[in-house]
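Everything below belongs to coords_23.cif, which stores mmCIF, C-alpha atoms.
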```cif
data_input
#
loop_
_atom_site.label_atom_id
_atom_site.label_comp_id
_atom_site.auth_asym_id
_atom_site.auth_seq_id
_atom_site.Cartn_x
_atom_site.Cartn_y
_atom_site.Cartn_z
CA MET S 1 51.97 17.07 3.98
CA SER S 2 50.23 13.84 2.91
CA LYS S 3 50.46 12.86 -0.74
CA LEU S 4 46.77 11.89 -0.58
CA GLY S 5 45.82 15.36 0.56
CA ARG S 6 44.26 17.10 3.54
CA VAL S 7 40.68 16.13 4.39
CA LEU S 8 38.16 17.76 6.73
CA VAL S 9 36.06 15.06 8.39
CA ALA S 10 32.64 15.82 9.85
CA MET S 11 32.68 14.05 13.22
CA SER S 12 29.43 13.75 15.16
CA GLY S 13 30.88 11.51 17.84
CA GLY S 14 28.96 8.51 16.49
CA ILE S 15 30.51 5.32 15.24
CA ASP S 16 30.14 6.01 11.50
CA SER S 17 31.87 9.39 11.38
CA THR S 18 34.49 8.25 13.87
CA VAL S 19 35.42 5.18 11.81
CA THR S 20 35.47 7.43 8.72
CA ALA S 21 38.11 9.62 10.36
CA MET S 22 40.13 6.61 11.51
CA MET S 23 40.01 4.98 8.07
CA LEU S 24 41.23 8.09 6.28
CA HIS S 25 43.95 8.58 8.89
CA GLU S 26 45.10 4.98 8.41
CA GLN S 27 45.04 5.39 4.62
CA GLY S 28 47.47 8.29 4.87
CA TYR S 29 45.30 11.36 4.51
CA GLU S 30 46.09 14.38 6.64
CA VAL S 31 42.92 14.42 8.71
CA VAL S 32 41.32 17.42 10.38
CA GLY S 33 38.25 16.65 12.50
CA ILE S 34 35.35 19.05 12.81
CA THR S 35 32.15 18.82 14.85
CA MET S 36 29.22 21.05 13.96
CA LYS S 37 26.94 22.29 16.70
CA THR S 38 23.62 22.52 14.88
CA TRP S 39 21.08 22.61 17.66
CA ASP S 40 20.79 23.43 21.35
CA TYR S 41 18.76 20.73 23.06
CA ALA S 42 18.20 22.98 26.07
CA ASN S 43 15.98 25.15 23.89
CA SER S 44 14.01 22.31 22.29
CA GLY S 45 11.54 21.98 25.12
CA GLY S 46 11.28 18.24 24.53
CA SER S 47 11.16 15.58 27.20
CA LYS S 48 14.04 13.44 26.03
CA LYS S 49 17.53 13.60 27.49
CA GLU S 50 20.16 15.29 25.36
CA THR S 51 21.59 12.70 22.99
CA GLY S 52 22.83 12.43 19.42
CA CYS S 53 25.06 14.54 17.23
CA CYS S 54 24.59 17.85 19.03
CA SER S 55 25.09 16.67 22.62
CA LEU S 56 28.07 17.59 24.76
CA ASP S 57 28.89 13.89 25.21
CA SER S 58 29.05 13.36 21.44
CA ILE S 59 31.27 16.39 20.95
CA ASN S 60 33.60 15.12 23.66
CA ASP S 61 33.63 11.64 22.09
CA ALA S 62 34.68 13.10 18.74
CA ARG S 63 37.45 15.17 20.31
CA SER S 64 38.70 12.20 22.34
CA VAL S 65 39.18 10.09 19.20
CA ALA S 66 40.97 12.94 17.40
CA VAL S 67 43.35 13.37 20.33
CA SER S 68 44.05 9.64 20.55
CA MET S 69 44.69 9.39 16.80
CA GLY S 70 46.86 12.49 16.78
CA PHE S 71 44.97 14.82 14.45
CA PRO S 72 43.46 18.26 15.17
CA HIS S 73 39.80 18.72 16.01
CA PHE S 74 37.62 21.83 15.91
CA ILE S 75 34.06 22.65 16.99
CA ILE S 76 32.01 25.13 14.95
CA ASP S 77 28.69 26.67 15.91
CA ILE S 78 26.27 26.75 12.98
CA ARG S 79 23.08 27.02 15.01
CA ASP S 80 22.09 30.29 13.36
CA GLU S 81 22.57 28.91 9.84
CA PHE S 82 20.81 25.69 10.78
CA GLY S 83 17.88 27.44 12.45
CA ASP S 84 17.35 29.97 9.67
CA HIS S 85 17.26 27.34 6.94
CA VAL S 86 16.36 23.92 8.33
CA ILE S 87 14.07 24.67 11.26
CA ASP S 88 12.27 27.59 9.64
CA ASN S 89 11.71 25.46 6.53
CA PHE S 90 10.48 22.56 8.71
CA VAL S 91 7.84 24.78 10.32
CA ASP S 92 6.91 26.52 7.05
CA GLU S 93 6.38 23.21 5.24
CA TYR S 94 4.01 21.85 7.88
CA MET S 95 2.16 25.17 7.87
CA ALA S 96 1.77 24.79 4.10
CA GLY S 97 0.23 21.32 4.54
CA ARG S 98 3.33 19.48 3.34
CA THR S 99 5.59 16.90 5.03
CA PRO S 100 9.24 18.03 5.09
CA ASN S 101 12.42 15.97 5.20
CA PRO S 102 14.82 18.21 7.16
CA CYS S 103 17.76 15.80 6.89
CA VAL S 104 17.88 16.27 3.10
CA LEU S 105 17.82 20.05 3.41
CA CYS S 106 20.45 19.97 6.15
CA ASN S 107 22.79 17.69 4.19
CA THR S 108 22.65 19.55 0.92
CA HIS S 109 22.34 23.17 1.98
CA ILE S 110 23.81 23.46 5.47
CA LYS S 111 26.35 20.79 6.34
CA TRP S 112 28.08 20.66 2.96
CA SER S 113 28.11 24.43 2.66
CA ALA S 114 29.53 24.79 6.17
CA LEU S 115 32.09 22.04 5.54
CA LEU S 116 33.31 23.48 2.24
CA LYS S 117 33.62 26.95 3.75
CA ARG S 118 35.72 25.63 6.65
CA ALA S 119 37.69 23.30 4.35
CA ASP S 120 38.77 26.28 2.26
CA ALA S 121 39.72 28.20 5.39
CA MET S 122 41.81 25.26 6.65
CA ASP S 123 43.44 24.45 3.29
CA CYS S 124 41.65 21.09 3.05
CA GLU S 125 41.21 19.72 -0.46
CA PHE S 126 38.50 17.26 0.55
CA ILE S 127 35.64 16.80 2.98
CA ALA S 128 34.41 13.46 4.30
CA THR S 129 31.35 12.17 6.12
CA GLY S 130 30.16 8.86 7.51
CA HIS S 131 27.32 8.41 5.04
CA TYR S 132 26.64 4.95 3.65
CA ALA S 133 26.88 5.90 0.00
CA GLN S 134 29.39 5.84 -2.83
CA LEU S 135 30.54 8.35 -5.43
CA ASN S 136 31.23 7.75 -9.09
CA GLN S 137 32.27 9.85 -12.07
CA THR S 138 30.87 9.21 -15.54
CA ASP S 139 32.90 9.19 -18.76
CA ALA S 140 31.45 12.65 -19.39
CA GLY S 141 33.02 13.82 -16.13
CA ARG S 142 29.82 14.19 -14.11
CA TRP S 143 29.79 13.11 -10.47
CA HIS S 144 26.87 11.20 -8.98
CA VAL S 145 26.00 9.31 -5.82
CA ARG S 146 25.69 5.53 -5.89
CA LYS S 147 23.98 3.21 -3.44
CA SER S 148 25.97 1.80 -0.54
CA ALA S 149 27.13 -1.81 -0.41
CA ASP S 150 24.86 -2.14 2.65
CA ASP S 151 21.27 -2.06 1.35
CA HIS S 152 19.87 -1.75 4.86
CA LYS S 153 21.97 1.33 5.68
CA ASP S 154 22.08 2.96 2.24
CA GLN S 155 21.78 6.76 2.54
CA SER S 156 21.95 7.73 -1.13
CA TYR S 157 18.31 8.90 -0.89
CA VAL S 158 19.22 11.87 1.32
CA LEU S 159 22.11 12.99 -0.91
CA TRP S 160 20.28 13.76 -4.16
CA GLY S 161 20.79 17.50 -3.70
CA LEU S 162 24.60 17.48 -3.71
CA SER S 163 26.13 19.67 -6.40
CA GLN S 164 28.93 18.66 -8.75
CA GLU S 165 31.39 20.79 -6.75
CA CYS S 166 30.36 19.15 -3.49
CA MET S 167 30.71 15.61 -4.85
CA ALA S 168 34.06 16.31 -6.52
CA ARG S 169 35.51 17.24 -3.14
CA SER S 170 33.70 14.61 -1.02
CA ARG S 171 34.81 11.24 0.30
CA PHE S 172 32.50 8.49 1.62
CA PRO S 173 34.86 5.83 3.01
CA LEU S 174 32.02 3.69 4.40
CA GLY S 175 30.26 3.26 1.06
CA HIS S 176 31.73 -0.17 0.36
CA LEU S 177 31.20 -1.47 3.92
CA THR S 178 28.30 -2.90 5.89
CA LYS S 179 27.35 -1.69 9.35
CA PRO S 180 28.65 -4.87 11.06
CA GLU S 181 31.97 -4.37 9.27
CA VAL S 182 32.15 -0.79 10.53
CA ARG S 183 31.47 -1.94 14.07
CA GLN S 184 34.19 -4.59 13.72
CA LEU S 185 36.70 -1.97 12.56
CA ALA S 186 35.99 0.16 15.63
CA TYR S 187 36.43 -2.90 17.83
CA ASP S 188 39.67 -3.95 16.12
CA TRP S 189 41.11 -0.46 16.61
CA GLY S 190 40.48 -0.76 20.35
CA TYR S 191 37.27 1.23 20.63
CA GLU S 192 35.08 -1.48 22.12
CA GLU S 193 32.56 0.92 23.69
CA LEU S 194 32.25 2.84 20.43
CA SER S 195 31.68 -0.39 18.49
CA LYS S 196 28.54 -0.99 20.55
CA LYS S 197 27.23 2.57 20.40
CA ALA S 198 23.53 2.78 19.57
CA GLU S 199 22.24 4.74 16.62
CA SER S 200 19.90 7.70 16.71
CA PHE S 201 17.05 7.84 14.21
CA GLU S 202 15.24 10.96 15.43
CA ILE S 203 15.36 14.38 13.84
CA CYS S 204 18.10 16.09 15.83
CA PHE S 205 15.96 19.06 16.88
CA VAL S 206 12.95 16.85 17.71
CA PRO S 207 14.68 14.38 20.06
CA ASP S 208 11.43 13.05 21.51
CA ASN S 209 10.04 12.38 18.00
CA ASP S 210 7.04 14.60 18.80
CA TYR S 211 6.96 17.01 15.85
CA ARG S 212 3.49 18.22 16.85
CA GLY S 213 4.80 19.32 20.25
CA PHE S 214 7.74 21.01 18.52
CA LEU S 215 5.40 23.00 16.26
CA LYS S 216 3.31 24.06 19.25
CA ARG S 217 6.39 25.28 21.11
CA ARG S 218 7.66 27.18 18.08
CA LEU S 219 4.23 28.71 17.36
CA PRO S 220 2.46 29.21 20.72
CA GLU S 221 -0.73 30.52 19.07
CA LEU S 222 -0.94 27.64 16.59
CA GLU S 223 -3.38 25.36 18.43
CA GLY S 224 -5.97 28.07 18.77
CA GLN S 225 -5.57 29.18 15.17
CA VAL S 226 -6.08 25.78 13.54
CA ALA S 227 -8.40 23.95 15.96
CA GLY S 228 -11.82 22.91 14.70
CA GLY S 229 -10.92 22.01 11.15
CA LYS S 230 -12.98 19.40 9.36
CA PHE S 231 -12.24 15.77 8.54
CA VAL S 232 -13.93 15.01 5.23
CA SER S 233 -14.30 11.86 3.15
CA VAL S 234 -12.93 11.56 -0.38
CA THR S 235 -16.47 12.38 -1.57
CA GLY S 236 -16.64 15.55 0.53
CA GLU S 237 -18.81 14.28 3.41
CA VAL S 238 -17.92 15.88 6.77
CA LEU S 239 -16.76 13.17 9.17
CA GLY S 240 -15.91 15.26 12.22
CA GLU S 241 -13.48 17.84 13.60
CA HIS S 242 -9.70 17.58 13.95
CA ASP S 243 -7.00 19.39 15.93
CA GLY S 244 -5.59 21.34 12.97
CA TYR S 245 -4.15 20.42 9.58
CA PRO S 246 -0.42 20.86 10.50
CA PHE S 247 -0.71 17.96 12.94
CA TYR S 248 -1.39 15.35 10.25
CA THR S 249 0.64 13.73 7.49
CA ILE S 250 -0.27 11.87 4.31
CA GLY S 251 -0.74 8.17 5.01
CA GLN S 252 -1.33 8.65 8.73
CA ARG S 253 -3.73 6.10 10.25
CA LYS S 254 -3.18 6.30 14.01
CA GLY S 255 -3.79 9.31 16.23
CA LEU S 256 -6.76 10.67 14.31
CA GLY S 257 -8.75 11.04 17.52
CA MET S 258 -11.87 9.37 16.10
CA ALA S 259 -13.11 5.84 15.53
CA PHE S 260 -14.55 5.02 12.11
CA GLY S 261 -15.22 1.28 12.39
CA GLU S 262 -12.52 0.57 9.79
CA PRO S 263 -8.97 1.79 9.14
CA MET S 264 -8.95 5.31 7.71
CA TYR S 265 -5.94 7.19 6.37
CA VAL S 266 -5.05 10.80 5.70
CA THR S 267 -5.12 11.12 1.90
CA GLU S 268 -5.01 14.90 1.41
CA ILE S 269 -4.27 18.04 3.44
CA ASP S 270 -5.62 21.47 2.47
CA ALA S 271 -3.90 24.25 4.42
CA ALA S 272 -6.10 26.97 2.90
CA THR S 273 -9.34 25.47 4.25
CA ASN S 274 -7.89 23.60 7.26
CA GLN S 275 -9.46 20.47 5.78
CA VAL S 276 -8.03 16.95 6.11
CA THR S 277 -9.36 14.27 3.76
CA LEU S 278 -9.64 10.70 5.03
CA GLY S 279 -10.05 7.57 2.94
CA ARG S 280 -9.45 3.85 2.79
CA VAL S 281 -6.06 2.42 1.97
CA GLY S 282 -6.94 2.25 -1.72
CA ASP S 283 -7.54 6.01 -1.72
CA LEU S 284 -3.83 6.55 -1.04
CA VAL S 285 -2.91 5.19 -4.47
CA ARG S 286 -1.29 7.63 -6.88
CA ASN S 287 -0.22 7.15 -10.50
CA GLY S 288 2.07 10.14 -10.89
CA MET S 289 3.42 13.38 -9.46
CA THR S 290 5.30 16.58 -10.22
CA VAL S 291 8.73 17.12 -8.68
CA GLY S 292 10.23 20.57 -8.18
CA GLY S 293 13.64 21.82 -7.11
CA LEU S 294 15.08 19.25 -9.49
CA THR S 295 18.78 18.47 -9.13
CA LEU S 296 20.37 16.21 -11.74
CA GLN S 297 23.59 14.39 -10.93
CA LYS S 298 24.42 11.67 -13.45
CA TYR S 299 23.23 13.63 -16.49
CA ALA S 300 23.26 17.36 -17.19
CA GLU S 301 19.69 17.03 -18.48
CA LEU S 302 17.24 14.29 -19.34
CA PRO S 303 16.63 13.36 -23.00
CA ALA S 304 13.62 14.93 -24.72
CA GLU S 305 11.79 11.60 -24.72
CA GLY S 306 12.39 11.18 -20.97
CA LEU S 307 13.87 8.22 -19.10
CA GLU S 308 12.55 5.10 -17.42
CA LEU S 309 14.01 5.09 -13.92
CA LEU S 310 13.29 3.66 -10.47
CA THR S 311 11.68 6.31 -8.27
CA LYS S 312 11.76 6.32 -4.46
CA VAL S 313 9.23 8.56 -2.71
CA ARG S 314 10.49 7.96 0.84
CA TYR S 315 13.67 6.80 2.54
CA LYS S 316 12.69 3.16 3.04
CA ASP S 317 10.76 2.90 -0.22
CA ARG S 318 11.86 0.00 -2.45
CA GLY S 319 11.19 2.16 -5.49
CA THR S 320 8.82 1.98 -8.46
CA LEU S 321 9.69 1.91 -12.16
CA SER S 322 8.58 5.24 -13.62
CA HIS S 323 8.77 7.43 -16.70
CA ILE S 324 10.44 10.77 -15.94
CA ASP S 325 9.99 13.81 -18.19
CA GLN S 326 11.98 16.95 -17.52
CA LEU S 327 9.62 19.91 -17.99
CA SER S 328 12.14 22.65 -17.16
CA PRO S 329 15.57 22.91 -15.54
CA ASP S 330 14.06 22.43 -12.07
CA LEU S 331 10.75 20.62 -12.72
CA ALA S 332 9.92 17.02 -13.69
CA SER S 333 6.77 15.00 -14.32
CA VAL S 334 6.67 11.39 -13.09
CA GLU S 335 4.34 8.61 -14.25
CA PHE S 336 4.45 5.43 -12.17
CA PHE S 337 4.24 2.05 -13.90
CA ALA S 338 2.58 0.60 -10.78
CA ASP S 339 0.32 1.98 -8.05
CA VAL S 340 2.19 3.94 -5.37
CA ARG S 341 0.66 4.69 -1.98
CA GLY S 342 1.19 7.67 0.26
CA VAL S 343 2.92 10.15 -2.06
CA ALA S 344 3.43 13.12 0.26
CA PRO S 345 4.12 16.65 -1.02
CA GLY S 346 7.27 18.00 0.64
CA GLN S 347 9.03 14.64 0.70
CA SER S 348 11.94 13.82 -1.60
CA ALA S 349 11.62 11.89 -4.84
CA VAL S 350 14.88 10.30 -5.93
CA PHE S 351 15.50 8.72 -9.34
CA TYR S 352 17.79 5.71 -9.78
CA GLU S 353 19.35 4.02 -12.79
CA GLY S 354 20.47 0.74 -11.29
CA ASP S 355 22.50 1.78 -8.23
CA ASP S 356 23.20 5.26 -9.61
CA VAL S 357 21.37 8.38 -8.45
CA VAL S 358 20.27 10.24 -11.57
CA GLY S 359 18.80 13.06 -9.52
CA GLY S 360 15.97 14.07 -7.27
CA GLY S 361 13.70 16.83 -6.07
CA LEU S 362 10.78 17.68 -3.80
CA ILE S 363 7.32 16.29 -4.45
CA GLN S 364 5.00 19.17 -5.35
CA THR S 365 1.70 17.50 -6.25
CA SER S 366 0.47 13.94 -6.78
CA ARG S 367 -2.21 12.54 -9.08
#
```
Output the structure of this file as structure tokens.
Amino acid sequence: MSKLGRVLVAMSGGIDSTVTAMMLHEQGYEVVGITMKTWDYANSGGSKKETGCCSLDSINDARSVAVSMGFPHFIIDIRDEFGDHVIDNFVDEYMAGRTPNPCVLCNTHIKWSALLKRADAMDCEFIATGHYAQLNQTDAGRWHVRKSADDHKDQSYVLWGLSQECMARSRFPLGHLTKPEVRQLAYDWGYEELSKKAESFEICFVPDNDYRGFLKRRLPELEGQVAGGKFVSVTGEVLGEHDGYPFYTIGQRKGLGMAFGEPMYVTEIDAATNQVTLGRVGDLVRNGMTVGGLTLQKYAELPAEGLELLTKVRYKDRGTLSHIDQLSPDLASVEFFADVRGVAPGQSAVFYEGDDVVGGGLIQTSR
């Protein structure tokens, strides 16, 4: 038994999770590899070849590394859990006129839950993933996520929903490394092909990046039900007909199916009336929002007077200084100190104090 403990490593077969397992093995942890089958590409109906974390090739790659390094590897099927929570939520959110972020939901409610359950069953004290993020514990004993050393790869944004229990048992070995350094480690350990492995940026169950096609396949009657909705201007003038409100997202400019003589953007989506509002780029500006499903990491609660924090409203957002007021245990009000464009209900809002994640939640409404 290792003095450092026994750790269950989520291995997708990609370079990041593989190097994570190798690093922990080299450091002296007793490593157990696990690959989660979350989605069956054969049932996706998409046009793209099976690739990514759920493919047979990726599963075999993960097992091959485990065998070569001399630690056990298991495959678990969580397609039912994944489908019930992540995919159903994905469809429901678009049907409600919102724009979901399934990776956040999957990380915080599916993968960590599945990992902790299997870790307990396998007597593993810790779980580890290949996320580019760091963990820290405050003097008050609270765990929180911190930004990665690699700004370009930082994944702290998608980890705002992790609970204190999850973080206390988690390890992120790549948090202090850059992507080139991770590739170099794989190369130095003799995995030259792995070191050059390309990354996948698609949603795993929408491998062709066509979420509209995915919705149509999941809901065969959808097109007929939502066709003929109205495009309207910000002043209420009818501009034309659209294909149906679920097929549009806030901030969208291309693929509107009409020419307006100037760039027009989706500024609002009304599921109840099947109405999509279009405006100029300036009409995307918002000064505040409400955030629900609030999860606080660094602090148990925000002070009564609120906090000034940097708020990110999308993954690649640089962030905007904001005033955050906690209205209830799971609801916050946000006032931006600068104009923010394209605030989309359903997306995650994450609050930062320097490099530290204070917390986050789901955007409910914008103003």
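The residues returned by the PyMOL selection byres ((chain S and resi 301-307) around 9) on the shown structure are S:Leu296, S:Gln297, S:Lys298, S:Tyr299, S:Ala300, S:Glu308, S:Leu309, S:Ser322, S:His323, S:Ile324, S:Asp325, S:Gln326, S:Pro329.
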**Prompt:** Taking the file as shown, what set of residues would the PyMOL selection byres ((chain S and resi 8-22) around 7) give back, as number ranges by chain?
**Reply:** S: 6-7, 23-26, 31-35, 53, 58-59, 61-62, 119, 124, 126-130, 173-174, 182, 186, 194-195, 197
**Request:** Tell me which residues the PyMOL selection byres ((chain S and resi 161) around 6) grabs here, as a PyMOL selection string.
**Result:** chain S and resi 108+159-160+162+295
**Request:** With a distance cut-off of 8 Å and only C-alpha atoms, select the neighbouring residues of S:Trp39, excluding the residue or stretch itself and same-chain residues fewer than 5 positions from it, and output the selection as an MDAnalysis selection string.
**Result:** chainID S and resid 54 79 82:83 204:205
**Message:** Need the shell around S:Cys166: protein/DNA/RNA residues with any atom at most 8 Å away, counting only C-alpha atoms. Skip same-chain ones fewer than 4 positions apart. Format as JSON, numbers by chain?
**Reply:** {"S": [112, 116, 162, 170]}
Contacts of stretch 108-157 of chain S with stretch 84-98 of chain S up to 12 Å, shortest pair per row, only C-alpha atoms, as JSON lines:
```
{"residue": "S:Thr108", "atom": "CA", "partner": "S:Val86", "partner_atom": "CA", "distance": 10.7}
{"residue": "S:His109", "atom": "CA", "partner": "S:His85", "partner_atom": "CA", "distance": 8.2}
{"residue": "S:Ile110", "atom": "CA", "partner": "S:His85", "partner_atom": "CA", "distance": 7.8}
{"residue": "S:Lys111", "atom": "CA", "partner": "S:Val86", "partner_atom": "CA", "distance": 10.7}
```
Can I get the selection written as an mmCIF file, keeping the file's coordinate frame, with C-alpha atoms?
```cif
data_model
loop_
_atom_site.group_PDB
_atom_site.id
_atom_site.type_symbol
_atom_site.label_atom_id
_atom_site.label_comp_id
_atom_site.auth_asym_id
_atom_site.auth_seq_id
_atom_site.Cartn_x
_atom_site.Cartn_y
_atom_site.Cartn_z
ATOM 1 C CA THR S 108 22.650 19.550 0.920
ATOM 2 C CA HIS S 109 22.340 23.170 1.980
ATOM 3 C CA ILE S 110 23.810 23.460 5.470
ATOM 4 C CA LYS S 111 26.350 20.790 6.340
#
```
**Fill in**
If you count all atoms listed in the file, the residue of S:Thr235, S:Thr38, S:Gln364, S:Gln164 closest to S:Gly141 turns out to be S:Gln164
Which residues of stretch 149-212 of chain S sit at most 12 Å from stretch 237-258 of chain S, using all atoms listed in the file? Give each one's shortest atom pair and distance in Å (one decimal place), in chain and ascending residue order, as JSON lines.
```
{"residue": "S:Asp210", "atom": "CA", "partner": "S:Phe247", "partner_atom": "CA", "distance": 10.3}
{"residue": "S:Tyr211", "atom": "CA", "partner": "S:Phe247", "partner_atom": "CA", "distance": 8.3}
{"residue": "S:Arg212", "atom": "CA", "partner": "S:Phe247", "partner_atom": "CA", "distance": 5.7}
```
**Asked** So what do you get for atom CA of S:Val281 versus atom CA of S:Glu262, distance-wise?
**Response** 10.3 Å
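Between atom CA of S:Asp330 and atom CA of S:Gly175 the separation is 28.3 Å.
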**Prompt:** With distances taken over all atoms listed in the file, which of S:Asp120, S:Asp150, S:Glu193, S:Asp208 is nearest to S:Arg169?
**Reply:** S:Asp120
**Item:** Selection: 6 Å around stretch 354-362 of chain S, only C-alpha atoms, excl. self and same-chain fewer than 2 positions, as a VMD selection string
**Value:** chain S and resid 145 to 147 160 291 to 298 346 to 352
**Prompt:** How many Å separate atom CA of S:Leu278 from atom CA of S:Gly229?
**Reply:** 12.9 Å
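Ranking S:Thr365, S:Arg286, S:Val276, S:Glu353 by their shortest atom-to-atom distance to S:Leu310, with all atoms listed in the file included, puts S:Glu353 first.
Closest approach to S:Thr267 among S:Ala344, S:Ala140, S:Leu331, S:Val226: S:Ala344, based on all atoms listed in the file.
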